[in-house]
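For reference, protein-v1.txt is printed below; it contains compact mmCIF, C-alpha atoms.
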# COMPACT_ATOMS: atom_id res chain seq x y z
CA MET A 1 0.00 0.00 0.00
CA ARG A 2 2.88 2.33 0.71
CA SER A 3 4.08 1.63 -2.82
CA ALA A 4 0.61 2.41 -4.23
CA ILE A 5 0.49 5.74 -2.39
CA GLU A 6 3.96 6.57 -3.69
CA LYS A 7 2.84 5.82 -7.27
CA TYR A 8 0.08 8.37 -6.94
CA ARG A 9 2.45 10.96 -5.45
CA GLN A 10 4.71 10.49 -8.48
CA PHE A 11 1.72 10.95 -10.81
CA GLU A 12 0.93 14.30 -9.14
CA ILE A 13 4.54 15.39 -9.66
CA LEU A 14 4.66 14.31 -13.31
CA ILE A 15 1.25 15.82 -14.24
CA PRO A 16 0.85 18.70 -11.77
CA ALA A 17 -2.25 20.85 -11.38
CA ALA A 18 -1.88 24.51 -12.26
CA SER A 19 -3.27 25.40 -8.84
CA GLY A 20 -4.34 23.44 -5.80
CA GLU A 21 -3.70 19.79 -5.05
CA GLY A 22 -3.70 16.82 -7.36
CA ALA A 23 -2.75 16.19 -10.95
CA GLY A 24 -3.40 18.46 -13.90
CA HIS A 25 -6.45 16.59 -15.23
CA ARG A 26 -9.16 15.91 -12.65
CA GLY A 27 -10.80 13.10 -14.63
CA GLU A 28 -7.53 11.25 -15.08
CA ASP A 29 -6.71 11.97 -11.44
CA GLY A 30 -9.66 9.83 -10.34
CA ARG A 31 -9.11 7.13 -12.94
CA TYR A 32 -5.47 6.79 -11.93
CA ILE A 33 -6.51 6.16 -8.31
CA GLU A 34 -9.03 3.55 -9.51
CA SER A 35 -6.27 1.88 -11.53
CA ILE A 36 -3.87 1.82 -8.56
CA LEU A 37 -6.53 0.36 -6.27
CA LYS A 38 -7.65 -2.21 -8.87
CA THR A 39 -4.08 -3.39 -9.48
CA THR A 40 -3.38 -3.67 -5.75
CA LEU A 41 -6.55 -5.63 -4.95
CA LYS A 42 -6.22 -7.91 -7.99
CA LYS A 43 -2.88 -9.25 -6.72
CA PHE A 44 -4.64 -10.98 -3.83
CA LEU A 45 -8.01 -12.05 -5.27
CA PRO A 46 -8.84 -15.51 -6.68
CA ASP A 47 -8.37 -15.87 -10.46
CA GLY A 48 -12.13 -16.25 -10.95
CA LEU A 49 -12.80 -12.70 -9.75
CA ASP A 50 -12.48 -9.74 -12.12
CA ILE A 51 -12.54 -6.07 -11.17
CA LEU A 52 -14.70 -4.21 -13.68
CA THR A 53 -16.21 -0.77 -14.11
CA GLY A 54 -19.66 -0.13 -15.52
CA PHE A 55 -23.26 -0.99 -14.64
CA ILE A 56 -25.34 -3.63 -12.88
CA LEU A 57 -28.55 -4.55 -14.70
CA ARG A 58 -31.27 -6.42 -12.84
CA ALA A 59 -33.44 -7.70 -15.66
CA GLY A 60 -37.16 -7.95 -15.02
CA VAL A 61 -37.29 -11.65 -15.89
CA LYS A 62 -37.92 -14.76 -13.86
CA SER A 63 -34.90 -16.68 -12.59
CA PRO A 64 -34.64 -19.94 -10.62
CA ASP A 65 -33.98 -18.03 -7.39
CA SER A 66 -36.74 -15.46 -7.84
CA GLY A 67 -39.60 -17.72 -8.89
CA LYS A 68 -42.77 -15.87 -9.80
CA LYS A 69 -41.89 -12.83 -7.68
CA ARG A 70 -39.77 -11.28 -10.43
CA ARG A 71 -41.97 -12.29 -13.34
CA ARG A 72 -43.58 -8.87 -13.79
CA ASP A 73 -40.73 -6.71 -12.58
CA GLU A 74 -39.27 -3.98 -14.76
CA ASP A 75 -35.60 -3.81 -15.67
CA GLU A 76 -33.51 -1.82 -13.17
CA HIS A 77 -29.94 -0.67 -13.55
CA SER A 78 -27.38 1.06 -11.37
CA THR A 79 -25.58 4.30 -11.99
CA GLN A 80 -22.06 3.95 -13.40
CA LEU A 81 -19.87 2.26 -10.80
CA ASP A 82 -16.14 2.68 -10.24
CA LEU A 83 -15.16 -0.86 -9.24
CA ILE A 84 -17.33 -3.99 -9.46
CA VAL A 85 -15.75 -7.17 -8.12
CA TYR A 86 -17.47 -9.83 -10.22
CA ASP A 87 -17.42 -13.64 -10.34
CA THR A 88 -16.72 -14.08 -14.06
CA GLU A 89 -15.70 -17.72 -13.56
CA HIS A 90 -19.23 -18.76 -12.64
CA MET A 91 -21.46 -15.97 -13.97
CA PRO A 92 -22.01 -14.48 -17.46
CA VAL A 93 -22.02 -10.80 -18.38
CA TYR A 94 -24.48 -8.97 -20.63
CA GLN A 95 -21.84 -6.95 -22.42
CA ARG A 96 -18.12 -6.30 -22.00
CA PHE A 97 -15.48 -4.12 -23.65
CA GLY A 98 -12.15 -4.59 -21.90
CA ASP A 99 -12.79 -3.95 -18.22
CA THR A 100 -16.02 -2.00 -18.84
CA ALA A 101 -19.12 -4.17 -18.56
CA VAL A 102 -22.83 -4.50 -17.90
CA VAL A 103 -23.39 -7.39 -15.47
CA PRO A 104 -26.32 -9.12 -13.75
CA PRO A 105 -26.46 -8.81 -9.94
CA GLU A 106 -26.08 -12.53 -9.21
CA GLY A 107 -22.31 -12.45 -9.80
CA VAL A 108 -21.56 -9.20 -7.95
CA ILE A 109 -19.28 -9.83 -4.95
CA ALA A 110 -18.40 -6.22 -4.09
CA VAL A 111 -18.92 -2.63 -5.24
CA ILE A 112 -16.41 0.07 -4.33
CA SER A 113 -16.78 3.79 -4.96
CA VAL A 114 -13.39 5.49 -5.39
CA LYS A 115 -12.59 9.16 -4.77
CA LYS A 116 -9.37 11.15 -4.71
CA HIS A 117 -10.52 12.89 -1.52
CA LEU A 118 -13.43 12.26 0.83
CA TYR A 119 -15.51 15.43 1.24
CA ARG A 120 -18.30 15.93 3.75
CA ARG A 121 -20.67 17.42 1.16
CA GLU A 122 -20.45 14.25 -0.99
CA LEU A 123 -20.89 11.58 1.69
CA LYS A 124 -24.68 11.34 1.84
CA HIS A 125 -24.98 11.15 -1.95
CA GLU A 126 -22.32 8.42 -2.10
CA PHE A 127 -24.00 6.35 0.62
CA GLU A 128 -27.42 6.69 -1.02
CA ALA A 129 -25.99 5.50 -4.35
CA LEU A 130 -24.23 2.57 -2.69
CA LYS A 131 -27.38 1.66 -0.76
CA ASN A 132 -29.33 1.49 -4.03
CA VAL A 133 -26.68 -0.73 -5.60
CA ALA A 134 -26.62 -3.05 -2.59
CA GLU A 135 -30.41 -3.35 -2.63
CA LEU A 136 -30.28 -4.17 -6.34
CA CYS A 137 -27.90 -7.07 -5.65
CA THR A 138 -29.11 -8.45 -2.30
CA GLN A 139 -30.21 -12.07 -2.57
CA LYS A 140 -32.08 -14.28 -0.15
CA ASN A 141 -29.82 -16.59 1.90
CA LYS A 142 -26.62 -15.15 0.40
CA LYS A 143 -24.11 -12.84 2.01
CA GLY A 144 -23.19 -9.61 0.29
CA PRO A 145 -22.39 -7.75 -1.74
CA PHE A 146 -19.58 -6.02 0.14
CA ILE A 147 -19.93 -2.23 -0.16
CA GLY A 148 -17.09 0.27 0.24
CA LEU A 149 -16.25 3.96 -0.16
CA VAL A 150 -12.54 4.71 -0.59
CA GLY A 151 -10.60 7.95 -0.88
CA MET A 152 -6.87 8.50 -1.07
CA ASP A 153 -7.06 11.19 1.62
CA ASP A 154 -9.43 12.83 4.12
CA LYS A 155 -10.90 16.27 3.40
CA ILE A 156 -13.86 15.85 5.80
CA ARG A 157 -12.02 17.07 8.89
CA THR A 158 -8.33 17.07 8.00
CA ASP A 159 -6.12 16.00 10.95
CA HIS A 160 -9.22 15.18 13.02
CA PRO A 161 -10.07 11.53 12.21
CA GLU A 162 -12.37 11.13 15.24
CA GLU A 163 -14.52 14.02 13.96
CA SER A 164 -14.48 12.55 10.45
CA PHE A 165 -15.69 9.29 12.01
CA GLU A 166 -18.67 11.07 13.61
CA ILE A 167 -19.56 12.76 10.32
CA VAL A 168 -19.31 9.52 8.30
CA ILE A 169 -21.64 7.70 10.72
CA GLU A 170 -24.19 10.53 10.64
CA SER A 171 -24.07 10.52 6.84
CA ILE A 172 -24.75 6.77 6.74
CA LYS A 173 -27.73 7.31 9.06
CA GLU A 174 -29.06 10.15 6.87
CA SER A 175 -28.86 7.93 3.79
CA GLN A 176 -31.34 5.51 5.44
CA ILE A 177 -34.13 8.01 6.11
CA GLU A 178 -36.37 7.33 3.10
CA LYS A 179 -36.35 3.52 3.37
CA CYS A 180 -35.00 1.01 5.84
CA ILE A 181 -32.12 -1.18 4.74
CA SER A 182 -30.57 -4.41 5.93
CA TYR A 183 -27.26 -5.26 7.56
CA GLU A 184 -25.85 -6.55 4.27
CA GLU A 185 -26.78 -3.34 2.45
CA MET A 186 -24.86 -1.04 4.81
CA PRO A 187 -21.28 0.00 3.93
CA GLY A 188 -18.67 -2.53 5.01
CA PHE A 189 -15.76 -0.09 4.73
CA VAL A 190 -15.12 3.64 4.50
CA GLY A 191 -11.54 4.80 4.37
CA ALA A 192 -9.03 7.48 3.56
CA LEU A 193 -6.17 5.15 2.66
CA LYS A 194 -3.42 7.52 3.76
CA SER A 195 -5.06 8.29 7.09
CA TRP A 196 -7.72 6.00 8.59
CA SER A 197 -10.12 3.09 8.13
CA ILE A 198 -13.73 2.68 9.29
CA HIS A 199 -14.66 -0.98 9.43
CA LYS A 200 -18.08 -2.62 9.94
CA ALA A 201 -17.60 -5.29 12.58
CA HIS A 202 -19.12 -8.73 12.05
CA ARG A 203 -22.27 -9.42 14.10
CA LYS A 204 -24.01 -12.81 14.10
CA ASP A 205 -27.37 -11.38 15.19
CA LYS A 206 -27.27 -8.57 12.55
CA ASN A 207 -29.74 -6.42 14.47
CA GLN A 208 -27.46 -3.41 14.12
CA ALA A 209 -24.24 -2.42 12.36
CA ASP A 210 -21.21 -1.61 14.53
CA TYR A 211 -18.49 0.63 13.07
CA LEU A 212 -14.92 0.94 14.36
CA LEU A 213 -12.29 3.58 13.56
CA TYR A 214 -8.60 2.77 13.10
CA VAL A 215 -6.20 5.69 12.61
CA HIS A 216 -3.21 4.55 10.55
CA SER A 217 0.08 4.85 12.40
CA ASP A 218 3.40 4.79 10.58
CA GLY A 219 3.70 1.40 8.91
CA GLU A 220 -0.08 0.78 8.91
CA GLU A 221 -0.84 2.02 5.39
CA HIS A 222 -1.92 -1.53 4.53
CA LEU A 223 -4.85 -1.62 6.98
CA GLY A 224 -7.37 -0.12 4.54
CA ILE A 225 -6.47 -2.59 1.78
CA GLN A 226 -6.66 -5.50 4.23
CA PHE A 227 -10.15 -4.48 5.37
CA LEU A 228 -11.25 -4.25 1.72
CA LEU A 229 -9.77 -7.64 0.83
CA LYS A 230 -11.20 -9.31 3.92
CA GLY A 231 -14.68 -7.93 3.13
CA ILE A 232 -14.52 -9.11 -0.48
CA LEU A 233 -13.28 -12.60 0.41
CA ASP A 234 -15.81 -12.95 3.24
CA VAL A 235 -18.55 -12.64 0.61
CA TYR A 236 -16.83 -14.77 -2.04
CA PHE A 237 -16.20 -17.67 0.36
CA SER A 238 -19.46 -17.32 2.28
CA GLU A 239 -21.97 -20.13 2.66
CA GLY A 240 -24.18 -20.61 -0.38
CA ARG A 241 -21.66 -19.40 -2.97
CA GLY A 242 -19.83 -22.72 -3.31
CA HIS A 243 -16.22 -21.51 -3.31
CA GLY A 244 -14.86 -23.57 -0.42
CA ASN A 245 -13.11 -22.31 2.71
CA GLU A 246 -11.71 -18.81 3.06
CA PRO A 247 -7.90 -18.71 3.45
CA GLY A 248 -6.37 -17.14 6.54
CA MET A 249 -4.11 -14.56 4.94
CA PHE A 250 -4.56 -11.28 6.83
CA SER A 251 -2.50 -10.00 9.72
CA PHE A 252 -3.43 -7.13 12.03
CA PRO A 253 -1.33 -5.61 14.84
CA GLY A 254 -1.58 -7.65 18.01
CA ASN A 255 -3.95 -6.19 20.63
CA ARG A 256 -4.72 -3.29 18.27
CA LYS A 257 -7.57 -1.23 19.75
CA MET A 258 -9.90 1.03 17.84
CA ASP A 259 -9.17 4.76 18.09
CA ALA A 260 -12.67 6.01 18.96
CA ALA A 261 -15.79 4.74 20.67
CA ILE A 262 -17.67 2.16 18.64
CA LYS A 263 -20.61 3.63 16.69
CA SER A 264 -23.72 1.52 16.15
CA ILE A 265 -26.50 2.01 13.59
CA SER A 266 -29.83 0.26 14.02
CA TYR A 267 -32.49 -0.22 11.35
CA GLN A 268 -36.11 -1.26 11.26
CA LYS A 269 -35.85 -4.80 9.99
CA GLU A 270 -33.78 -7.34 8.08
CA LYS A 271 -35.24 -7.65 4.58
CA ALA A 272 -35.53 -10.96 2.76
CA GLY A 273 -33.74 -9.69 -0.35
CA ARG A 274 -34.76 -8.65 -3.84
CA TYR A 275 -34.98 -12.24 -5.12
CA GLY A 276 -37.73 -13.53 -2.90

In structure tokens, what does this structure look like?
Amino acid sequence: MRSAIEKYRQFEILIPAASGEGAGHRGEDGRYIESILKTTLKKFLPDGLDILTGFILRAGVKSPDSGKKRRRDEDEHSTQLDLIVYDTEHMPVYQRFGDTAVVPPEGVIAVISVKKHLYRRELKHEFEALKNVAELCTQKNKKGPFIGLVGMDDKIRTDHPEESFEIVIESIKESQIEKCISYEEMPGFVGALKSWSIHKAHRKDKNQADYLLYVHSDGEEHLGIQFLLKGILDVYFSEGRGHGNEPGMFSFPGNRKMDAAIKSISYQKEKAGRYG
């Protein structure tokens, strides 16, 4: 992860902005971060998983899992998504050009929104969009998809990660106001990779979502990537997906405590899922 951060720093130096932070082309700035993150994650994912960009299309047709409940549904599709972790080994795609694709929800393992910086004014919109994507993909008796929001750095409350933590949690709560959501549809990770990670802790009862903050000390740049990888593999190797046992490949500092009080978010009910 330290190497990935250094690659982006070099990009800023080679293609500098005329004023302010970042590179000289804002669109390429964001795409370069997506590319760095995709390359880093891909090194550790099973060969059957691809990382794509594009759209999820939930066709209004009957499938074996949906029975008659989807027979009269209309087609629904997501907004354009930065990173879609997709099980191409076992699931087809509707259309693909390189790494840009339109995919059905059944093969979606994770969706990650990528930003150069995390800004307070954008959080609620991002969480609402991710909530809609998660609802589109949620299936009965299957874990996932894993949902994440990633920035290279924190512009919510710079140098005040505990305050950023409070603001992130309030923004997640605000994104739930119009309709209740389930445990699986709530973000599994929010992080500024240079600075801190917010991780959704696993709960067997799933009657609320507990979030923990970890401020990255020197030498802990990898924590954000590890939380992302663990969330993705937890879904891929979960019961009902038929991929065997999850490998034990992640290491966290011994006796590492969270850096702020745990924040819990409750919701009205656990939904059965869009497929029945």

Long-range neighbours of A:Ser164 as a PDB file with C-alpha atoms, in the frame of the given file, 12 Å cut-off, all atoms listed in the file, 4 positions minimum in chain:
ATOM      1  CA  LEU A 118     -13.430  12.260   0.830  1.00  0.00           C
ATOM      2  CA  TYR A 119     -15.510  15.430   1.240  1.00  0.00           C
ATOM      3  CA  ARG A 120     -18.300  15.930   3.750  1.00  0.00           C
ATOM      4  CA  LEU A 123     -20.890  11.580   1.690  1.00  0.00           C
ATOM      5  CA  ASP A 153      -7.060  11.190   1.620  1.00  0.00           C
ATOM      6  CA  ASP A 154      -9.430  12.830   4.120  1.00  0.00           C
ATOM      7  CA  LYS A 155     -10.900  16.270   3.400  1.00  0.00           C
ATOM      8  CA  ILE A 156     -13.860  15.850   5.800  1.00  0.00           C
ATOM      9  CA  ARG A 157     -12.020  17.070   8.890  1.00  0.00           C
ATOM     10  CA  THR A 158      -8.330  17.070   8.000  1.00  0.00           C
ATOM     11  CA  ASP A 159      -6.120  16.000  10.950  1.00  0.00           C
ATOM     12  CA  HIS A 160      -9.220  15.180  13.020  1.00  0.00           C
ATOM     13  CA  VAL A 168     -19.310   9.520   8.300  1.00  0.00           C
ATOM     14  CA  ILE A 169     -21.640   7.700  10.720  1.00  0.00           C
ATOM     15  CA  GLU A 170     -24.190  10.530  10.640  1.00  0.00           C
ATOM     16  CA  SER A 171     -24.070  10.520   6.840  1.00  0.00           C
ATOM     17  CA  VAL A 190     -15.120   3.640   4.500  1.00  0.00           C
ATOM     18  CA  GLY A 191     -11.540   4.800   4.370  1.00  0.00           C
ATOM     19  CA  ALA A 192      -9.030   7.480   3.560  1.00  0.00           C
ATOM     20  CA  SER A 195      -5.060   8.290   7.090  1.00  0.00           C
ATOM     21  CA  TRP A 196      -7.720   6.000   8.590  1.00  0.00           C
ATOM     22  CA  SER A 197     -10.120   3.090   8.130  1.00  0.00           C
ATOM     23  CA  ILE A 198     -13.730   2.680   9.290  1.00  0.00           C
ATOM     24  CA  LEU A 213     -12.290   3.580  13.560  1.00  0.00           C
ATOM     25  CA  TYR A 214      -8.600   2.770  13.100  1.00  0.00           C
ATOM     26  CA  VAL A 215      -6.200   5.690  12.610  1.00  0.00           C
ATOM     27  CA  ALA A 260     -12.670   6.010  18.960  1.00  0.00           C
TER      28      ALA A 260
END

Taken to one decimal, the atom CA of A:Ile36-atom CA of A:Gly188 distance is 20.5 Å

Excluding A:Pro46 and any residue of its chain fewer than 6 positions from it, enumerate the residues within 10 Å of it, using all atoms listed in the file, and give them as an MDAnalysis selection string.
chainID A and resid 87 89 233 236

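If all atoms listed in the file are the atoms counted, then among A:Thr88, A:Asn141, A:Ser264, A:Thr79 the closest residue to A:Leu49 is A:Thr88.
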
With distances taken over all atoms listed in the file, which of A:Thr100, A:Ser78, A:Thr53, A:Asn132 is nearest to A:Ile112?
A:Thr53

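Closest to A:Phe11 among A:Ile51, A:Ile265, A:Ile33, A:Asn207 is A:Ile33, based on all atoms listed in the file.
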
I'd like the neighbourhood of A:Gln80 as number ranges by chain, where a residue qualifies if any of its atoms comes within 12 Å (using all atoms listed in the file), though same-chain residues fewer than 6 positions away should be ignored.
A: 52-57, 100-103, 111-114, 129-130, 133

For the point (4.0, 4.5, 8.0) in file coordinates, what residues are within 12 Å, counting all atoms listed in the file? Give the answer as a list in words?
Met1, Arg2, Ser3, Ile5, Glu6, Leu193, Lys194, Ser195, Trp196, Val215, His216, Ser217, Asp218, Gly219, Glu220, Glu221, His222 and Leu223 of chain A
